[in-house]
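Peer 1: Below you'll find input-v5.tsv; it's TSV, C-alpha atoms and all ligand atoms.
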```tsv
chain	number	residue	atom	x	y	z
A	1	MET	CA	131.68	8.50	114.54
A	2	ASN	CA	133.27	7.21	111.36
A	3	ALA	CA	132.07	4.62	108.89
A	4	THR	CA	133.84	1.78	110.67
A	5	SER	CA	132.31	2.50	114.10
A	6	ASP	CA	129.27	0.76	115.42
A	7	PHE	CA	126.07	2.64	114.91
A	8	ARG	CA	124.73	2.72	118.47
A	9	PHE	CA	121.63	4.26	120.00
A	10	ASP	CA	122.71	4.46	123.65
A	11	GLY	CA	120.78	7.21	125.42
A	12	ARG	CA	118.23	7.40	122.62
A	13	VAL	CA	114.52	6.68	123.07
A	14	ALA	CA	112.58	5.20	120.16
A	15	ILE	CA	108.88	4.67	119.55
A	16	VAL	CA	108.08	1.98	117.01
A	17	THR	CA	104.37	1.75	116.19
A	18	GLY	CA	102.94	-1.60	115.17
A	19	ALA	CA	106.00	-3.28	116.68
A	20	GLY	CA	104.22	-6.34	118.01
A	21	ARG	CA	104.58	-8.20	114.73
A	22	GLY	CA	106.18	-8.18	111.31
A	23	LEU	CA	108.46	-5.35	110.30
A	24	GLY	CA	107.89	-3.21	113.40
A	25	ARG	CA	109.03	-6.07	115.61
A	26	ALA	CA	112.25	-6.38	113.60
A	27	HIS	CA	112.86	-2.60	113.73
A	28	ALA	CA	112.27	-2.51	117.50
A	29	ARG	CA	114.56	-5.46	118.14
A	30	LEU	CA	117.41	-3.97	116.12
A	31	LEU	CA	117.16	-0.53	117.76
A	32	ALA	CA	117.06	-2.15	121.22
A	33	GLU	CA	119.96	-4.47	120.38
A	34	ARG	CA	121.99	-1.35	119.58
A	35	GLY	CA	121.21	0.37	122.85
A	36	ALA	CA	117.98	2.34	122.31
A	37	LYS	CA	115.24	2.32	124.91
A	38	VAL	CA	112.26	1.20	122.85
A	39	VAL	CA	108.54	1.68	123.23
A	40	VAL	CA	106.89	-1.26	121.51
A	41	ASN	CA	103.50	0.05	120.44
A	42	ASP	CA	100.93	-2.39	119.09
A	43	LEU	CA	97.15	-2.54	119.25
A	44	GLY	CA	97.29	-6.23	118.41
A	45	GLY	CA	94.33	-6.46	116.02
A	46	THR	CA	93.81	-8.48	112.86
A	47	LYS	CA	95.55	-7.52	109.65
A	48	GLU	CA	92.34	-5.73	108.66
A	49	GLY	CA	92.56	-3.72	111.88
A	50	ASP	CA	89.76	-5.35	113.86
A	51	GLY	CA	89.96	-6.17	117.56
A	52	SER	CA	92.86	-5.77	119.95
A	53	ASP	CA	95.28	-7.93	121.92
A	54	THR	CA	97.98	-6.92	124.38
A	55	GLY	CA	99.92	-10.11	123.59
A	56	PRO	CA	102.02	-9.02	120.58
A	57	ALA	CA	103.44	-5.86	122.22
A	58	ASN	CA	104.16	-7.70	125.48
A	59	ASP	CA	105.77	-10.63	123.65
A	60	VAL	CA	108.19	-8.36	121.80
A	61	VAL	CA	109.07	-6.53	125.01
A	62	ALA	CA	109.81	-9.92	126.59
A	63	GLU	CA	112.05	-10.82	123.63
A	64	ILE	CA	113.96	-7.55	123.93
A	65	THR	CA	114.36	-7.56	127.70
A	66	GLY	CA	115.22	-11.27	127.60
A	67	ALA	CA	118.11	-10.38	125.33
A	68	GLY	CA	119.30	-7.66	127.73
A	69	GLY	CA	117.62	-4.70	126.06
A	70	VAL	CA	115.31	-2.03	127.45
A	71	ALA	CA	111.71	-1.82	126.23
A	72	ILE	CA	108.19	-1.17	127.42
A	73	ALA	CA	104.90	-2.14	125.83
A	74	ASP	CA	102.24	0.30	124.71
A	75	THR	CA	98.91	-0.83	123.32
A	76	HIS	CA	97.35	2.49	122.33
A	77	ASN	CA	95.52	2.71	119.04
A	78	VAL	CA	97.44	5.02	116.68
A	79	GLY	CA	94.29	5.21	114.57
A	80	GLU	CA	93.00	7.69	117.16
A	81	GLU	CA	94.61	11.05	117.92
A	82	GLU	CA	94.20	10.53	121.67
A	83	GLY	CA	96.00	7.20	121.37
A	84	CYS	CA	98.94	8.85	119.61
A	85	LYS	CA	99.15	11.58	122.23
A	86	ALA	CA	99.01	9.02	125.06
A	87	LEU	CA	101.71	6.91	123.38
A	88	VAL	CA	104.10	9.87	123.27
A	89	ALA	CA	103.16	11.09	126.76
A	90	ASP	CA	103.76	7.61	128.21
A	91	THR	CA	107.10	7.39	126.38
A	92	VAL	CA	108.29	10.69	127.79
A	93	GLY	CA	106.90	9.72	131.20
A	94	ALA	CA	108.85	6.46	131.19
A	95	PHE	CA	112.10	7.51	129.53
A	96	GLY	CA	112.17	11.32	129.75
A	97	ARG	CA	112.49	12.02	126.02
A	98	VAL	CA	111.70	10.78	122.52
A	99	ASP	CA	114.40	10.83	119.85
A	100	ILE	CA	113.09	8.45	117.21
A	101	VAL	CA	109.60	7.76	115.90
A	102	VAL	CA	109.22	4.87	113.49
A	103	ASN	CA	105.68	5.16	112.13
A	104	ASN	CA	105.16	1.58	111.03
A	105	ALA	CA	101.70	0.45	112.20
A	106	GLY	CA	99.52	-0.60	109.32
A	107	ILE	CA	96.40	-2.46	108.30
A	108	SER	CA	95.32	-3.89	104.99
A	109	ARG	CA	91.68	-4.01	103.87
A	110	PHE	CA	91.82	-5.38	100.35
A	111	ALA	CA	89.15	-3.86	98.09
A	112	THR	CA	88.93	-2.01	94.78
A	113	PHE	CA	86.19	0.21	93.32
A	114	PRO	CA	83.32	0.17	93.94
A	115	GLU	CA	83.66	-2.21	96.90
A	116	ALA	CA	86.20	0.06	98.62
A	117	ASP	CA	83.76	2.24	100.51
A	118	ALA	CA	84.03	5.23	102.84
A	119	GLU	CA	84.62	3.01	105.86
A	120	ASN	CA	87.47	1.20	104.11
A	121	LEU	CA	89.06	4.55	103.22
A	122	GLU	CA	88.64	6.10	106.66
A	123	ARG	CA	89.87	3.03	108.57
A	124	THR	CA	92.92	2.86	106.33
A	125	LEU	CA	93.68	6.58	106.50
A	126	ASP	CA	93.19	6.51	110.29
A	127	VAL	CA	96.03	4.07	110.89
A	128	HIS	CA	98.50	4.85	108.11
A	129	LEU	CA	98.10	8.58	107.52
A	130	ARG	CA	96.45	10.06	110.60
A	131	GLY	CA	98.38	7.70	112.90
A	132	THR	CA	101.66	8.91	111.41
A	133	TRP	CA	100.52	12.54	111.49
A	134	HIS	CA	99.28	12.53	115.10
A	135	THR	CA	102.14	10.48	116.55
A	136	THR	CA	104.75	12.63	114.85
A	137	ARG	CA	102.92	15.81	115.85
A	138	ALA	CA	102.74	14.69	119.48
A	139	ALA	CA	106.49	13.95	119.48
A	140	TRP	CA	107.30	17.19	117.67
A	141	PRO	CA	107.52	19.63	120.63
A	142	HIS	CA	109.85	17.25	122.45
A	143	MET	CA	112.10	16.93	119.41
A	144	VAL	CA	112.10	20.70	118.80
A	145	GLU	CA	113.01	21.34	122.43
A	146	GLN	CA	115.85	18.82	122.17
A	147	GLY	CA	116.93	20.24	118.83
A	148	TYR	CA	117.07	16.65	117.65
A	149	GLY	CA	114.83	14.00	116.20
A	150	ARG	CA	114.54	11.27	113.62
A	151	VAL	CA	111.16	10.43	112.08
A	152	ILE	CA	110.58	7.52	109.76
A	153	THR	CA	107.34	7.02	107.87
A	154	THR	CA	106.36	3.85	106.05
A	155	THR	CA	105.08	3.89	102.49
A	156	SER	CA	104.66	1.00	100.07
A	157	THR	CA	105.70	0.11	96.58
A	158	GLY	CA	101.96	-0.42	96.24
A	159	MET	CA	102.22	3.20	95.14
A	160	PHE	CA	103.41	1.89	91.79
A	161	GLY	CA	99.88	0.58	91.32
A	162	LEU	CA	97.88	-1.70	93.60
A	163	PRO	CA	94.35	-1.72	92.24
A	164	ASP	CA	92.96	-4.32	94.64
A	165	ASN	CA	94.01	-2.35	97.73
A	166	LEU	CA	93.02	1.13	96.70
A	167	ALA	CA	92.66	2.84	100.07
A	168	TYR	CA	96.01	1.43	101.20
A	169	ALA	CA	97.86	2.75	98.15
A	170	THR	CA	96.07	6.09	98.58
A	171	ALA	CA	97.18	6.40	102.22
A	172	LYS	CA	100.72	5.38	101.36
A	173	GLY	CA	100.83	8.01	98.62
A	174	ALA	CA	99.74	10.69	101.07
A	175	LEU	CA	102.63	9.72	103.34
A	176	ILE	CA	105.11	10.60	100.62
A	177	GLY	CA	103.77	14.17	100.47
A	178	PHE	CA	103.80	14.31	104.27
A	179	THR	CA	107.37	13.07	104.51
A	180	ARG	CA	108.84	15.35	101.89
A	181	SER	CA	107.06	18.45	103.20
A	182	LEU	CA	107.66	17.81	106.90
A	183	ALA	CA	111.32	17.16	106.14
A	184	GLN	CA	111.68	20.75	104.96
A	185	ALA	CA	110.01	22.12	108.09
A	186	ALA	CA	111.99	19.77	110.34
A	187	ALA	CA	115.56	20.40	109.21
A	188	PRO	CA	116.04	23.77	111.00
A	189	HIS	CA	115.22	21.99	114.28
A	190	GLY	CA	117.76	19.19	113.81
A	191	ILE	CA	114.95	16.79	112.95
A	192	LEU	CA	115.17	14.59	109.85
A	193	VAL	CA	112.19	12.86	108.25
A	194	ASN	CA	112.50	9.99	105.80
A	195	CYS	CA	110.29	7.29	104.39
A	196	ILE	CA	110.87	3.56	104.12
A	197	ALA	CA	109.23	1.39	101.45
A	198	PRO	CA	109.73	-2.10	102.91
A	199	ASN	CA	109.45	-5.42	101.20
A	200	ALA	CA	109.11	-8.52	103.37
A	201	ILE	CA	106.83	-11.47	103.87
A	202	THR	CA	104.47	-10.72	106.76
A	203	ARG	CA	100.79	-11.25	107.60
A	204	PRO	CA	99.42	-8.86	104.95
A	205	SER	CA	101.75	-10.21	102.22
A	206	THR	CA	100.28	-13.67	102.61
A	207	SER	CA	96.89	-12.44	101.46
A	208	ALA	CA	97.94	-9.97	98.78
A	209	GLY	CA	95.25	-10.62	96.23
A	210	LYS	CA	95.35	-14.31	97.13
A	211	PRO	CA	93.21	-14.71	100.24
A	212	ASN	CA	93.73	-18.47	100.49
A	213	ILE	CA	97.52	-18.50	100.49
A	214	THR	CA	98.97	-19.19	103.91
A	215	THR	CA	102.47	-18.51	105.12
A	216	GLN	CA	103.12	-22.26	105.12
A	217	GLN	CA	102.27	-22.49	101.44
A	218	LEU	CA	104.76	-19.81	100.47
A	219	ASP	CA	108.06	-21.10	99.24
A	220	ALA	CA	110.37	-21.47	102.26
A	221	ALA	CA	113.37	-20.10	100.40
A	222	ARG	CA	111.43	-17.01	99.43
A	223	GLN	CA	110.29	-16.49	103.00
A	224	GLU	CA	113.89	-16.69	104.13
A	225	ALA	CA	114.97	-14.26	101.40
A	226	MET	CA	112.28	-11.79	102.45
A	227	ARG	CA	112.68	-11.82	106.21
A	228	THR	CA	111.59	-8.68	108.05
A	229	ASP	CA	115.00	-8.17	109.67
A	230	LEU	CA	116.49	-7.63	106.22
A	231	VAL	CA	114.60	-4.32	106.05
A	232	SER	CA	115.47	-2.98	109.52
A	233	PRO	CA	119.12	-1.95	108.91
A	234	MET	CA	117.89	0.80	106.59
A	235	VAL	CA	115.36	1.95	109.17
A	236	ALA	CA	118.05	2.00	111.85
A	237	TYR	CA	120.38	3.94	109.57
A	238	LEU	CA	117.68	6.57	108.96
A	239	ALA	CA	117.07	6.68	112.72
A	240	HIS	CA	120.73	7.31	113.56
A	241	GLU	CA	122.31	10.65	114.43
A	242	ASP	CA	124.99	10.18	111.77
A	243	CYS	CA	122.37	9.97	109.02
A	244	GLN	CA	121.96	13.33	107.29
A	245	VAL	CA	119.49	12.17	104.64
A	246	ASN	CA	116.25	14.16	104.73
A	247	GLY	CA	112.99	13.85	102.82
A	248	ASP	CA	114.05	10.75	100.95
A	249	ILE	CA	112.23	7.51	100.20
A	250	LEU	CA	114.29	4.34	100.57
A	251	VAL	CA	113.26	0.91	99.36
A	252	ALA	CA	114.52	-2.05	101.38
A	253	GLY	CA	113.96	-5.77	101.23
A	254	ALA	CA	115.49	-9.09	100.22
A	255	ARG	CA	118.99	-7.68	100.86
A	256	ARG	CA	118.52	-4.86	98.33
A	257	PHE	CA	118.50	-1.18	99.30
A	258	ALA	CA	117.62	1.61	96.89
A	259	ARG	CA	116.47	5.20	96.58
A	260	TRP	CA	113.00	5.81	95.19
A	261	PHE	CA	112.73	9.28	93.74
A	262	LEU	CA	110.19	11.58	92.18
A	263	GLY	CA	111.28	12.94	88.83
A	264	VAL	CA	109.87	15.20	86.15
A	265	THR	CA	110.54	14.80	82.44
A	266	PRO	CA	112.13	17.76	80.59
A	267	GLY	CA	108.82	17.98	78.74
A	268	TYR	CA	107.78	20.10	75.82
A	269	GLN	CA	107.81	23.88	75.80
A	270	SER	CA	105.36	25.59	73.49
A	271	ASP	CA	106.43	28.66	71.56
A	272	ALA	CA	102.97	29.16	70.13
A	273	VAL	CA	101.57	32.66	70.16
A	274	GLY	CA	98.64	32.76	72.60
A	275	VAL	CA	97.36	29.72	74.50
A	276	PRO	CA	98.69	26.36	73.29
A	277	THR	CA	95.93	24.24	71.78
A	278	VAL	CA	94.73	20.82	72.87
A	279	GLU	CA	95.93	19.54	69.51
A	280	GLU	CA	99.42	20.83	70.29
A	281	ILE	CA	99.41	18.79	73.50
A	282	ALA	CA	98.39	15.65	71.62
A	283	LYS	CA	100.97	16.24	68.89
A	284	HIS	CA	103.86	16.62	71.38
A	285	TRP	CA	102.84	13.81	73.75
A	286	ASP	CA	106.06	11.86	73.18
A	287	GLU	CA	108.19	14.91	74.12
A	288	ILE	CA	106.01	15.63	77.17
A	289	THR	CA	106.46	12.09	78.49
A	290	ASP	CA	109.99	11.29	77.28
A	291	ARG	CA	112.13	10.36	80.30
A	292	PRO	CA	115.76	11.04	79.31
A	293	GLY	CA	117.07	14.16	81.05
A	294	TYR	CA	114.45	14.06	83.82
A	295	HIS	CA	114.86	16.29	86.85
A	296	VAL	CA	114.68	15.06	90.46
A	297	PRO	CA	113.68	18.14	92.49
A	298	GLU	CA	114.66	18.32	96.17
A	299	ASN	CA	111.59	20.41	97.00
A	300	LEU	CA	108.91	22.64	95.50
A	301	HIS	CA	111.24	25.60	95.03
A	302	ALA	CA	113.83	23.50	93.22
A	303	TRP	CA	111.10	22.13	90.99
A	304	ALA	CA	109.73	25.62	90.23
A	305	ALA	CA	113.18	27.07	89.49
A	306	HIS	CA	113.82	24.23	87.06
A	307	PHE	CA	110.39	23.88	85.47
A	308	MET	CA	109.89	27.62	85.08
A	309	GLY	CA	113.56	28.23	84.27
A	310	HIS	CA	112.64	29.57	80.80
A	311	LEU	CA	110.87	32.50	82.52
A	312	ALA	CA	114.03	33.64	84.31
A	313	GLY	CA	115.28	37.00	83.09
B	1	LIG	P1	101.86	-6.71	110.19
B	1	LIG	O1	100.39	-6.87	110.10
B	1	LIG	O2	102.69	-7.93	110.36
B	1	LIG	O3	102.24	-5.69	111.34
B	1	LIG	C1	101.55	-4.48	111.52
B	1	LIG	C2	101.34	-4.28	113.00
B	1	LIG	O4	100.68	-3.02	113.20
B	1	LIG	C3	100.45	-5.35	113.63
B	1	LIG	O5	101.09	-6.00	114.70
B	1	LIG	C4	99.22	-4.58	114.07
B	1	LIG	O6	98.64	-5.09	115.29
B	1	LIG	C5	99.76	-3.17	114.26
B	1	LIG	N1	98.70	-2.17	114.16
B	1	LIG	C6	97.74	-2.09	113.22
B	1	LIG	N2	96.92	-1.09	113.48
B	1	LIG	C7	97.37	-0.48	114.60
B	1	LIG	C8	96.93	0.63	115.35
B	1	LIG	N3	95.84	1.32	114.99
B	1	LIG	N4	97.63	0.99	116.46
B	1	LIG	C9	98.73	0.29	116.83
B	1	LIG	N5	99.17	-0.80	116.16
B	1	LIG	C10	98.51	-1.18	115.06
B	1	LIG	O7	102.30	-5.94	108.85
B	1	LIG	P2	103.75	-5.52	108.28
B	1	LIG	O8	103.86	-6.09	106.92
B	1	LIG	O9	104.82	-5.77	109.26
B	1	LIG	O10	103.52	-3.96	108.08
B	1	LIG	C11	104.25	-2.95	108.75
B	1	LIG	C12	104.21	-1.69	107.91
B	1	LIG	O11	104.94	-1.89	106.69
B	1	LIG	C13	102.82	-1.26	107.51
B	1	LIG	O12	102.72	0.15	107.51
B	1	LIG	C14	102.71	-1.77	106.10
B	1	LIG	O13	101.76	-1.07	105.34
B	1	LIG	C15	104.12	-1.53	105.60
B	1	LIG	N6	104.51	-2.28	104.41
B	1	LIG	C16	104.79	-3.60	104.49
B	1	LIG	C17	105.22	-4.26	103.35
B	1	LIG	C18	105.63	-5.71	103.39
B	1	LIG	O14	106.25	-6.15	102.41
B	1	LIG	N7	105.34	-6.44	104.44
B	1	LIG	C19	105.30	-3.60	102.12
B	1	LIG	C20	104.99	-2.26	102.07
B	1	LIG	C21	104.61	-1.61	103.24
```
Could you rewrite the structure in this file as structure tokens?
Peer 2:
Amino acid sequence: MNATSDFRFDGRVAIVTGAGRGLGRAHARLLAERGAKVVVNDLGGTKEGDGSDTGPANDVVAEITGAGGVAIADTHNVGEEEGCKALVADTVGAFGRVDIVVNNAGISRFATFPEADAENLERTLDVHLRGTWHTTRAAWPHMVEQGYGRVITTTSTGMFGLPDNLAYATAKGALIGFTRSLAQAAAPHGILVNCIAPNAITRPSTSAGKPNITTQQLDAARQEAMRTDLVSPMVAYLAHEDCQVNGDILVAGARRFARWFLGVTPGYQSDAVGVPTVEEIAKHWDEITDRPGYHVPENLHAWAAHFMGHLAG
């Protein structure tokens, strides 16, 4: 396939978690429109993750099949390991394989310290982190056997600092470590793992720190500019066999697409005899934190070779 060809997914089977609404719905529709057989997973609860409803998953399947695509609904809870295993088993049972996993399901339980309690943390980690872990792990043997797979995780620019949704930002941060590390383990098997940081107006966005704002009250032009389907082309690209990107974080929304990277400043290197003092750290703070010349390591080994380069030889 060359750059001018259509990026198609004929013969591919995709799981999209949390695909009954919002971004997942847009991802599922695009993959199905381009030929993938799609499993539309959605528990159908509130944005805080309470309750369940089979309606959202079934509605999206009806949209896809009504447009000539192939999709089935799945309403397992990805916040439970058994649910993740059943989702993958049912996918393989229905379509014989699983090529793509888009880990998108998410909940949002706004709270900061000290209100953000253990339950808030666990419920949030269950869906975002453990859901991604268990679903990907259940799909793993199938992808390894095929020698092919594409895994997409979903982080958030909340990682830049979201004090009123602490557990959410914590879970999303963990997914970056998961993505970058699994990517290294995945590559020898023909599996690529990347992370999307989406930006669109959906249910959770309407209550971001402003519980009384409704979708109707948001500026219509802004809603149009931040439609969910403006994120999905990046997800579909990362899900495609032509994509060779691995372990990266891509930001997408409002028609803008960018790479989000982790970098390390050149820093300060002490030539003091013995152990550098605390005072030396304080004195050289500007050098330690100065950004020009930063390094963007591909993995731990690249970081170590660069950071400890002065020890070589
Ligand atoms: P949304 O609430 O519209 O959709 C999330 C869907 O996930 C819902 O339909 C919900 O029923 C489903 N879900 C929740 N828990 C589930 C579970 N345990 N099992 C199965 N399905 C479950 O929200 P959205 O904005 O479309 O969010 C999608 C993803 O994108 C989330 O991971 C979210 O954190 C992330 N995200 C969104 C934005 C944004 O701008 N909207 C920004 C950063 C990250």
Peer 1: In terms of the shortest atom-to-atom distance over all atoms listed in the file, which of A:Asn165, A:Ser181, A:Thr155, A:Thr46 is closest to Val193 of chain A?
Peer 2: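 Nearest to Val193 of chain A: A:Ser181.
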Peer 1: Please compute the atom CA of Ala89 of chain A-atom CA of Gly131 of chain A distance, one decimal, in Å.
Peer 2: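 So the two atoms, atom CA of Ala89 of chain A and atom CA of Gly131 of chain A, lie 15.0 Å apart.
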Peer 1: A:Ala73, A:Met159, A:Ala220, A:Ala197: which is nearest ligand LIG 1 (chain B), counting only C-alpha atoms and all ligand atoms?
Peer 2: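 Of A:Ala73, A:Met159, A:Ala220, A:Ala197, the one nearest ligand LIG 1 (chain B), counting only C-alpha atoms and all ligand atoms, is A:Ala197.
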Peer 1: Which polymer residues have any atom within 10 Å of an atom of segment 136-147 of chain A, counting only C-alpha atoms, with same-chain residues fewer than 6 positions away left out, as an MDAnalysis selection string?
Peer 2: chainID A and resid 15 81:82 84:89 91:92 96:103 130 153 182 186:191 193
Peer 1: So which residues are near ligand LIG 1 (chain B), meaning at most 7 Å away with all atoms listed in the file counted, given back as a count of residues only?
Peer 2: 42
Peer 1: Starting from 4 Å padding per side, set up an axis-aligned box that covers all listed atoms of segment 193-208 of chain A and hand over centre and edge lengths in Å, one decimal, as lines of an AutoDock Vina configuration file.
Peer 2:
```
center_x = 104.7
center_y = -0.4
center_z = 103.5
size_x = 23.6
size_y = 34.5
size_z = 17.5
```
Peer 1: Grab the atom CA of Ala254 of chain A to atom CA of Ala225 of chain A distance for me, in Å with one decimal place.
Peer 2: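 Pair atom CA of Ala254 of chain A / atom CA of Ala225 of chain A returns 5.3 Å.
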Peer 1: Just the number, please: distance in Å from atom CA of Glu280 of chain A to atom CA of Gly293 of chain A, one decimal.
Peer 2: 21.7 Å
Peer 1: Identify which of the residues A:Arg109, A:Arg12, A:Arg222, A:Arg123 lies closest to Ala71 of chain A, counting all atoms listed in the file when measuring atom-to-atom distances.
Peer 2: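 Between A:Arg109, A:Arg12, A:Arg222, A:Arg123, the residue approaching Ala71 of chain A most closely is A:Arg12.
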Peer 1: Compile the contact shell of Tyr268 of chain A as a VMD selection string: residues with an atom at most 7 Å away, counting all atoms listed in the file, same-chain residues fewer than 2 positions apart removed.
Peer 2: chain A and resid 266 270 284 287 to 288
Peer 1: Between A:Val151, A:Ile72, A:Leu192, A:Ala174, which is the closest to Cys243 of chain A once you count all atoms listed in the file?
Peer 2: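 Smallest separation from Cys243 of chain A among the options: A:Leu192.
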Peer 1: If we count only C-alpha atoms and set the cut-off at 10 Å, which residues sit around Phe95 of chain A, ignoring sequence neighbours fewer than 5 positions away in its own chain? Please answer as JSON, numbers by chain.
Peer 2: {"A": [11, 12, 13, 14, 37, 38, 39, 71, 72, 90]}
Peer 1: For segment 131-143 of chain A of the block above, can you save N, CA, C and O atoms as a PDB file, in the first residue's frame?
Peer 2:
```pdb
ATOM      1  N   GLY A 131      -8.556  -2.326  33.091  1.00  0.00           N
ATOM      2  CA  GLY A 131      -9.335  -2.686  31.902  1.00  0.00           C
ATOM      3  C   GLY A 131      -8.445  -2.792  30.680  1.00  0.00           C
ATOM      4  O   GLY A 131      -8.566  -3.721  29.872  1.00  0.00           O
ATOM      5  N   THR A 132      -7.545  -1.841  30.518  1.00  0.00           N
ATOM      6  CA  THR A 132      -6.603  -1.858  29.391  1.00  0.00           C
ATOM      7  C   THR A 132      -5.650  -3.047  29.523  1.00  0.00           C
ATOM      8  O   THR A 132      -5.395  -3.778  28.564  1.00  0.00           O
ATOM      9  N   TRP A 133      -5.143  -3.238  30.715  1.00  0.00           N
ATOM     10  CA  TRP A 133      -4.198  -4.338  30.987  1.00  0.00           C
ATOM     11  C   TRP A 133      -4.836  -5.680  30.660  1.00  0.00           C
ATOM     12  O   TRP A 133      -4.287  -6.492  29.893  1.00  0.00           O
ATOM     13  N   HIS A 134      -6.009  -5.952  31.256  1.00  0.00           N
ATOM     14  CA  HIS A 134      -6.627  -7.278  31.127  1.00  0.00           C
ATOM     15  C   HIS A 134      -7.151  -7.531  29.715  1.00  0.00           C
ATOM     16  O   HIS A 134      -7.066  -8.662  29.219  1.00  0.00           O
ATOM     17  N   THR A 135      -7.700  -6.519  29.073  1.00  0.00           N
ATOM     18  CA  THR A 135      -8.205  -6.733  27.709  1.00  0.00           C
ATOM     19  C   THR A 135      -7.042  -7.012  26.759  1.00  0.00           C
ATOM     20  O   THR A 135      -7.078  -7.939  25.942  1.00  0.00           O
ATOM     21  N   THR A 136      -5.996  -6.224  26.884  1.00  0.00           N
ATOM     22  CA  THR A 136      -4.822  -6.420  26.034  1.00  0.00           C
ATOM     23  C   THR A 136      -4.183  -7.777  26.314  1.00  0.00           C
ATOM     24  O   THR A 136      -3.786  -8.498  25.388  1.00  0.00           O
ATOM     25  N   ARG A 137      -4.113  -8.138  27.586  1.00  0.00           N
ATOM     26  CA  ARG A 137      -3.485  -9.413  27.955  1.00  0.00           C
ATOM     27  C   ARG A 137      -4.303 -10.597  27.436  1.00  0.00           C
ATOM     28  O   ARG A 137      -3.735 -11.616  27.024  1.00  0.00           O
ATOM     29  N   ALA A 138      -5.628 -10.446  27.449  1.00  0.00           N
ATOM     30  CA  ALA A 138      -6.474 -11.532  26.930  1.00  0.00           C
ATOM     31  C   ALA A 138      -6.322 -11.660  25.411  1.00  0.00           C
ATOM     32  O   ALA A 138      -6.382 -12.758  24.862  1.00  0.00           O
ATOM     33  N   ALA A 139      -6.116 -10.539  24.734  1.00  0.00           N
ATOM     34  CA  ALA A 139      -5.954 -10.566  23.269  1.00  0.00           C
ATOM     35  C   ALA A 139      -4.551 -11.025  22.869  1.00  0.00           C
ATOM     36  O   ALA A 139      -4.335 -11.493  21.742  1.00  0.00           O
ATOM     37  N   TRP A 140      -3.613 -10.878  23.771  1.00  0.00           N
ATOM     38  CA  TRP A 140      -2.193 -11.098  23.491  1.00  0.00           C
ATOM     39  C   TRP A 140      -1.887 -12.443  22.820  1.00  0.00           C
ATOM     40  O   TRP A 140      -1.232 -12.474  21.754  1.00  0.00           O
ATOM     41  N   PRO A 141      -2.317 -13.582  23.422  1.00  0.00           N
ATOM     42  CA  PRO A 141      -1.952 -14.870  22.800  1.00  0.00           C
ATOM     43  C   PRO A 141      -2.450 -14.987  21.369  1.00  0.00           C
ATOM     44  O   PRO A 141      -1.781 -15.594  20.522  1.00  0.00           O
ATOM     45  N   HIS A 142      -3.607 -14.412  21.089  1.00  0.00           N
ATOM     46  CA  HIS A 142      -4.144 -14.467  19.724  1.00  0.00           C
ATOM     47  C   HIS A 142      -3.267 -13.650  18.779  1.00  0.00           C
ATOM     48  O   HIS A 142      -2.972 -14.066  17.659  1.00  0.00           O
ATOM     49  N   MET A 143      -2.841 -12.487  19.247  1.00  0.00           N
ATOM     50  CA  MET A 143      -1.995 -11.633  18.406  1.00  0.00           C
ATOM     51  C   MET A 143      -0.618 -12.267  18.194  1.00  0.00           C
ATOM     52  O   MET A 143      -0.069 -12.234  17.087  1.00  0.00           O
TER      53      MET A 143
END
```
